[in-house]
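One file, entry-v5.cif, is given below (mmCIF, C-alpha atoms).
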```
data_structure
#
loop_
_atom_site.group_PDB
_atom_site.id
_atom_site.type_symbol
_atom_site.label_atom_id
_atom_site.label_comp_id
_atom_site.auth_asym_id
_atom_site.auth_seq_id
_atom_site.Cartn_x
_atom_site.Cartn_y
_atom_site.Cartn_z
ATOM 1 C CA MET B 1 18.660 57.799 -79.014
ATOM 2 C CA ASP B 2 22.110 58.913 -77.973
ATOM 3 C CA ASP B 3 22.914 61.601 -75.427
ATOM 4 C CA ALA B 4 24.055 64.132 -78.020
ATOM 5 C CA ARG B 5 20.740 63.900 -79.892
ATOM 6 C CA LEU B 6 18.782 64.219 -76.609
ATOM 7 C CA ASP B 7 20.775 67.303 -75.594
ATOM 8 C CA SER B 8 20.113 68.831 -79.010
ATOM 9 C CA LEU B 9 16.338 68.225 -78.777
ATOM 10 C CA LEU B 10 16.198 69.695 -75.281
ATOM 11 C CA ARG B 11 18.032 72.856 -76.383
ATOM 12 C CA GLU B 12 15.691 73.276 -79.362
ATOM 13 C CA SER B 13 12.556 72.815 -77.203
ATOM 14 C CA ALA B 14 13.442 75.545 -74.687
ATOM 15 C CA PRO B 15 11.084 78.520 -74.885
ATOM 16 C CA PRO B 16 12.533 81.749 -76.157
ATOM 17 C CA ILE B 17 13.650 84.175 -73.445
ATOM 18 C CA ALA B 18 12.376 87.719 -73.667
ATOM 19 C CA GLY B 19 14.917 90.449 -73.412
ATOM 20 C CA ARG B 20 14.733 92.721 -70.370
ATOM 21 C CA THR B 21 13.388 95.818 -72.006
ATOM 22 C CA ALA B 22 12.496 98.939 -70.041
ATOM 23 C CA ARG B 23 8.801 98.133 -70.461
ATOM 24 C CA LEU B 24 9.240 94.578 -69.108
ATOM 25 C CA ARG B 25 11.244 95.859 -66.124
ATOM 26 C CA GLU B 26 8.457 98.361 -65.291
ATOM 27 C CA ALA B 27 5.806 95.613 -65.484
ATOM 28 C CA LEU B 28 7.852 93.315 -63.227
ATOM 29 C CA SER B 29 8.371 96.168 -60.737
ATOM 30 C CA ALA B 30 4.631 96.887 -60.683
ATOM 31 C CA VAL B 31 3.835 93.193 -60.014
ATOM 32 C CA GLY B 32 6.402 93.092 -57.196
ATOM 33 C CA ALA B 33 5.050 96.282 -55.631
ATOM 34 C CA GLU B 34 1.495 94.926 -55.718
ATOM 35 C CA ALA B 35 2.644 91.674 -54.088
ATOM 36 C CA ARG B 36 4.349 93.619 -51.279
ATOM 37 C CA VAL B 37 1.207 95.695 -50.649
ATOM 38 C CA THR B 38 -0.913 92.542 -50.543
ATOM 39 C CA ARG B 39 1.482 90.915 -48.058
ATOM 40 C CA ARG B 40 1.409 94.050 -45.902
ATOM 41 C CA ARG B 41 -2.396 94.071 -45.998
ATOM 42 C CA ARG B 42 -2.495 90.407 -44.979
ATOM 43 C CA ARG B 43 0.018 90.995 -42.188
ATOM 44 C CA GLY B 44 -1.909 94.069 -41.063
ATOM 45 C CA TRP B 45 -5.186 92.167 -41.042
ATOM 46 C CA ALA B 46 -3.594 89.225 -39.195
ATOM 47 C CA LEU B 47 -2.046 91.589 -36.647
ATOM 48 C CA THR B 48 -5.375 93.369 -36.147
ATOM 49 C CA ALA B 49 -7.220 90.058 -35.788
ATOM 50 C CA GLY B 50 -4.594 88.738 -33.395
ATOM 51 C CA LEU B 51 -4.672 91.835 -31.199
ATOM 52 C CA SER B 52 -8.468 91.878 -31.227
ATOM 53 C CA GLY B 53 -8.557 88.233 -30.218
ATOM 54 C CA LEU B 54 -6.056 88.863 -27.450
ATOM 55 C CA LEU B 55 -8.099 91.783 -26.127
ATOM 56 C CA VAL B 56 -11.282 89.704 -26.193
ATOM 57 C CA VAL B 57 -9.623 86.833 -24.330
ATOM 58 C CA ALA B 58 -7.930 89.170 -21.855
ATOM 59 C CA SER B 59 -11.150 90.995 -21.084
ATOM 60 C CA ALA B 60 -13.393 87.919 -21.080
ATOM 61 C CA GLY B 61 -12.658 87.191 -17.445
ATOM 62 C CA ALA B 62 -13.354 90.746 -16.394
ATOM 63 C CA ALA B 63 -16.546 90.905 -18.430
ATOM 64 C CA ALA B 64 -17.758 87.545 -17.141
ATOM 65 C CA ALA B 65 -16.931 88.652 -13.626
ATOM 66 C CA SER B 66 -18.957 91.835 -13.802
ATOM 67 C CA PRO B 67 -22.573 91.370 -12.687
ATOM 68 C CA GLU B 68 -23.516 94.568 -14.557
ATOM 69 C CA VAL B 69 -22.140 93.187 -17.824
ATOM 70 C CA ARG B 70 -23.896 89.853 -17.323
ATOM 71 C CA GLN B 71 -27.187 91.654 -16.722
ATOM 72 C CA TRP B 72 -26.609 93.919 -19.718
ATOM 73 C CA LEU B 73 -26.115 90.797 -21.840
ATOM 74 C CA GLY B 74 -29.359 89.374 -20.479
ATOM 75 C CA TRP B 75 -27.763 86.920 -18.036
ATOM 76 C CA THR B 76 -29.566 87.356 -14.751
ATOM 77 C CA PRO B 77 -28.969 84.638 -12.166
ATOM 78 C CA ASP B 78 -31.724 82.662 -10.504
ATOM 79 C CA ARG B 79 -29.636 82.552 -7.345
ATOM 80 C CA THR B 80 -26.507 84.143 -5.933
ATOM 81 C CA ILE B 81 -24.498 82.802 -3.008
ATOM 82 C CA SER B 82 -22.084 85.031 -1.107
ATOM 83 C CA TYR B 83 -19.074 83.441 0.573
ATOM 84 C CA LEU B 84 -15.448 84.098 1.522
ATOM 85 C CA SER B 85 -12.546 82.651 -0.462
ATOM 86 C CA THR B 86 -9.710 80.768 1.200
ATOM 87 C CA GLU B 87 -7.844 84.101 1.297
ATOM 88 C CA GLY B 88 -10.795 85.946 2.869
ATOM 89 C CA GLU B 89 -11.947 87.823 -0.255
ATOM 90 C CA ALA B 90 -15.665 88.492 -0.729
ATOM 91 C CA CYS B 91 -16.972 86.185 -3.481
ATOM 92 C CA THR B 92 -20.257 85.500 -5.213
ATOM 93 C CA ALA B 93 -21.311 82.295 -6.928
ATOM 94 C CA ALA B 94 -24.300 82.649 -9.228
ATOM 95 C CA PHE B 95 -26.306 80.233 -11.333
ATOM 96 C CA ARG B 96 -29.120 80.308 -13.812
ATOM 97 C CA LEU B 97 -31.326 77.389 -14.841
ATOM 98 C CA THR B 98 -32.876 76.590 -18.185
ATOM 99 C CA TYR B 99 -35.455 73.800 -18.019
ATOM 100 C CA GLN B 100 -37.289 71.915 -20.749
ATOM 101 C CA GLN B 101 -40.482 70.235 -19.564
ATOM 102 C CA LYS B 102 -40.572 66.794 -21.191
ATOM 103 C CA GLN B 103 -37.934 64.113 -21.651
ATOM 104 C CA HIS B 104 -38.419 60.349 -21.543
ATOM 105 C CA GLY B 105 -41.993 60.792 -20.316
ATOM 106 C CA LEU B 106 -40.928 62.585 -17.120
ATOM 107 C CA VAL B 107 -42.679 65.839 -16.389
ATOM 108 C CA HIS B 108 -41.758 68.120 -13.504
ATOM 109 C CA SER B 109 -43.136 71.510 -12.680
ATOM 110 C CA GLU B 110 -40.861 74.465 -12.953
ATOM 111 C CA ALA B 111 -41.469 75.098 -9.262
ATOM 112 C CA GLU B 112 -40.171 71.601 -8.428
ATOM 113 C CA VAL B 113 -37.057 72.173 -10.528
ATOM 114 C CA TYR B 114 -36.295 75.499 -8.851
ATOM 115 C CA GLU B 115 -37.094 74.181 -5.352
ATOM 116 C CA THR B 116 -34.655 71.301 -5.939
ATOM 117 C CA ALA B 117 -31.949 73.698 -7.117
ATOM 118 C CA MET B 118 -32.431 76.138 -4.238
ATOM 119 C CA SER B 119 -32.367 73.325 -1.650
ATOM 120 C CA ALA B 120 -29.132 71.975 -3.136
ATOM 121 C CA ALA B 121 -27.622 75.473 -3.075
ATOM 122 C CA ASP B 122 -28.667 75.910 0.576
ATOM 123 C CA ARG B 123 -26.882 72.654 1.525
ATOM 124 C CA LEU B 124 -23.660 73.620 -0.271
ATOM 125 C CA ASP B 125 -20.761 74.144 2.141
ATOM 126 C CA LEU B 126 -18.681 77.084 0.908
ATOM 127 C CA THR B 127 -16.684 77.841 4.020
ATOM 128 C CA PRO B 128 -13.010 78.702 3.391
ATOM 129 C CA ALA B 129 -11.918 75.408 4.989
ATOM 130 C CA ARG B 130 -14.248 73.351 2.775
ATOM 131 C CA ILE B 131 -13.183 75.273 -0.332
ATOM 132 C CA ALA B 132 -9.528 74.535 0.497
ATOM 133 C CA GLU B 133 -10.408 70.809 0.693
ATOM 134 C CA LEU B 134 -12.284 70.961 -2.616
ATOM 135 C CA VAL B 135 -9.398 72.768 -4.337
ATOM 136 C CA ALA B 136 -6.825 70.248 -3.063
ATOM 137 C CA SER B 137 -9.029 67.314 -4.120
ATOM 138 C CA GLN B 138 -9.731 68.816 -7.558
ATOM 139 C CA ARG B 139 -6.046 69.540 -8.156
ATOM 140 C CA ALA B 140 -5.040 65.976 -7.112
ATOM 141 C CA GLU B 141 -7.694 64.437 -9.397
ATOM 142 C CA LEU B 142 -6.578 66.512 -12.370
ATOM 143 C CA GLN B 143 -2.890 65.758 -11.807
ATOM 144 C CA ALA B 144 -3.632 62.030 -11.638
ATOM 145 C CA ALA B 145 -5.916 62.044 -14.690
ATOM 146 C CA ASP B 146 -4.076 64.536 -16.913
ATOM 147 C CA PRO B 147 -0.908 66.277 -15.665
ATOM 148 C CA ALA B 148 -1.002 68.495 -18.787
ATOM 149 C CA SER B 149 -4.543 69.711 -18.099
ATOM 150 C CA PRO B 150 -4.938 73.429 -18.913
ATOM 151 C CA TRP B 151 -6.936 73.836 -15.684
ATOM 152 C CA LEU B 152 -3.754 73.136 -13.713
ATOM 153 C CA ALA B 153 -2.124 76.178 -15.350
ATOM 154 C CA LEU B 154 -4.659 78.556 -13.775
ATOM 155 C CA ASP B 155 -3.394 80.764 -10.976
ATOM 156 C CA ALA B 156 -4.546 79.842 -7.460
ATOM 157 C CA GLY B 157 -7.458 82.317 -7.419
ATOM 158 C CA ASP B 158 -8.827 81.329 -10.835
ATOM 159 C CA PHE B 159 -8.447 77.628 -9.996
ATOM 160 C CA GLU B 160 -10.387 78.182 -6.781
ATOM 161 C CA ASP B 161 -13.160 80.033 -8.655
ATOM 162 C CA TRP B 162 -13.349 77.243 -11.234
ATOM 163 C CA THR B 163 -13.488 74.611 -8.473
ATOM 164 C CA VAL B 164 -16.345 76.411 -6.698
ATOM 165 C CA SER B 165 -18.251 76.718 -9.987
ATOM 166 C CA GLU B 166 -17.734 73.010 -10.744
ATOM 167 C CA THR B 167 -18.788 72.084 -7.190
ATOM 168 C CA LEU B 168 -21.971 74.123 -7.566
ATOM 169 C CA ASN B 169 -22.761 72.508 -10.930
ATOM 170 C CA ASP B 170 -22.104 69.019 -9.516
ATOM 171 C CA ALA B 171 -24.311 69.645 -6.456
ATOM 172 C CA LEU B 172 -27.206 70.815 -8.622
ATOM 173 C CA GLY B 173 -26.731 67.969 -11.095
ATOM 174 C CA LEU B 174 -26.760 65.400 -8.293
ATOM 175 C CA ALA B 175 -29.891 66.921 -6.738
ATOM 176 C CA PHE B 176 -31.685 66.832 -10.086
ATOM 177 C CA ALA B 177 -30.614 63.233 -10.712
ATOM 178 C CA GLU B 178 -31.926 62.148 -7.284
ATOM 179 C CA ARG B 179 -35.345 63.628 -8.111
ATOM 180 C CA GLY B 180 -35.392 62.229 -11.657
ATOM 181 C CA ILE B 181 -35.314 65.714 -13.143
ATOM 182 C CA VAL B 182 -33.711 65.845 -16.569
ATOM 183 C CA ARG B 183 -33.093 68.425 -19.282
ATOM 184 C CA VAL B 184 -31.946 71.210 -16.942
ATOM 185 C CA ASP B 185 -29.028 73.312 -18.133
ATOM 186 C CA VAL B 186 -27.068 75.113 -15.429
ATOM 187 C CA ALA B 187 -24.940 78.167 -16.218
ATOM 188 C CA SER B 188 -22.804 79.315 -13.313
ATOM 189 C CA SER B 189 -20.186 81.939 -12.614
ATOM 190 C CA VAL B 190 -17.982 82.889 -9.699
ATOM 191 C CA THR B 191 -16.548 86.334 -8.989
ATOM 192 C CA CYS B 192 -14.254 87.402 -6.173
ATOM 193 C CA GLU B 193 -13.011 90.816 -5.115
ATOM 194 C CA ARG B 194 -9.303 90.065 -5.340
ATOM 195 C CA ALA B 195 -6.608 92.697 -5.054
ATOM 196 C CA GLY B 196 -5.009 93.532 -8.388
ATOM 197 C CA ARG B 197 -8.032 92.544 -10.480
#
```
Can you present the structure in this file as structure tokens?
Amino acid sequence: MDDARLDSLLRESAPPIAGRTARLREALSAVGAEARVTRRRRRGWALTAGLSGLLVVASAGAAAASPEVRQWLGWTPDRTISYLSTEGEACTAAFRLTYQQKQHGLVHSEAEVYETAMSAADRLDLTPARIAELVASQRAELQAADPASPWLALDAGDFEDWTVSETLNDALGLAFAERGIVRVDVASSVTCERAGR
């Protein structure tokens, strides 16, 4: 088949083009208008969702920090520990335990679990000097392990709070492990009365 014949067949196979009548122009305008409204709705929904998400994230710290909110949500601690931050602010570390009785044939009474946790909390050193050591050690470990860690992006106060919470969790976990106690979940939080918060 030569090129001329191919060009002829292609021209003959093209679909007919409708003329732009007034009715067709109105229909095309209506379709375009509907598409714009749909895009606006999607953008509006995305903007609303984005702002809502931002507000939730921004207020999560404040809500988590408020003992009244935690109690309203049903989170009452089994123990609170008052201490001073490295900057001298009044702080409270709190934890709550959830214990399941049996795992791998080991059975411990709830009293034994709570006694172990309270003893570990009593031995925890949360003096400002010790907290400063813990923060420096935690920061050095994170920088060595993962310099891009999101924990390193926290401001000094939030990083300190996180370090105290992790230290509390580690102390309880170690105490449970020494006693052979398993299946204990620890939820902890730290709040400090910092200026500007």
Given the PyMOL selection byres ((chain B and resi 166-181) around 7), the residues it picks as a VMD selection string: chain B and resid 108 116 to 117 120 162 to 165 182 186
Result set of the PyMOL selection byres ((chain B and resi 139) around 12) on the coordinates above, as an NGL selection string: :B and (132-138 or 140-156 or 159-160 or 162-163)
Build an axis-aligned box that encloses every atom of stretch 145-156 of chain B listed in the file, pad it by 3 Å on each side, and report its centre and edge lengths in Å to one decimal, as AutoDock Vina command-line options.
```
--center_x -3.9 --center_y 71.4 --center_z -13.2 --size_x 12.0 --size_y 24.7 --size_z 17.5
```
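Atom pair atom CA of B:Arg194 / atom CA of B:Phe95: separated by 20.5 Å.
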Resolved residues for the PyMOL selection byres ((chain B and resi 84) around 12) as a PyMOL selection string: chain B and resi 81-83+85-93+125-132+160-161+164+190-194
Å distance separating atom CA of B:Ser188 from atom CA of B:Asp122, one decimal place: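 If I compute the distance from atom CA of B:Ser188 to atom CA of B:Asp122, I get 15.5 Å.
Minimum atom-to-atom distances from B:Thr98, B:Asp158, B:Glu110, B:Arg123 to B:Ala187 were compared using all atoms listed in the file, and the lowest value belongs to B:Thr98.
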Atomic distance atom CA of B:Asp78 - atom CA of B:Leu124, expressed in Å with one decimal: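 It comes out at 15.9 Å.
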Nearest residue to B:Trp75 from the set B:Tyr99, B:Val113, B:Glu34, B:Ser189 (distances using all atoms listed in the file):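 Closest candidate: B:Ser189.
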Counting all atoms listed in the file, the residue of B:Glu12, B:Thr80, B:Ser29, B:Ser109 that sits nearest B:Arg96: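 With all atoms listed in the file as the atom set, the closest residue is B:Thr80.
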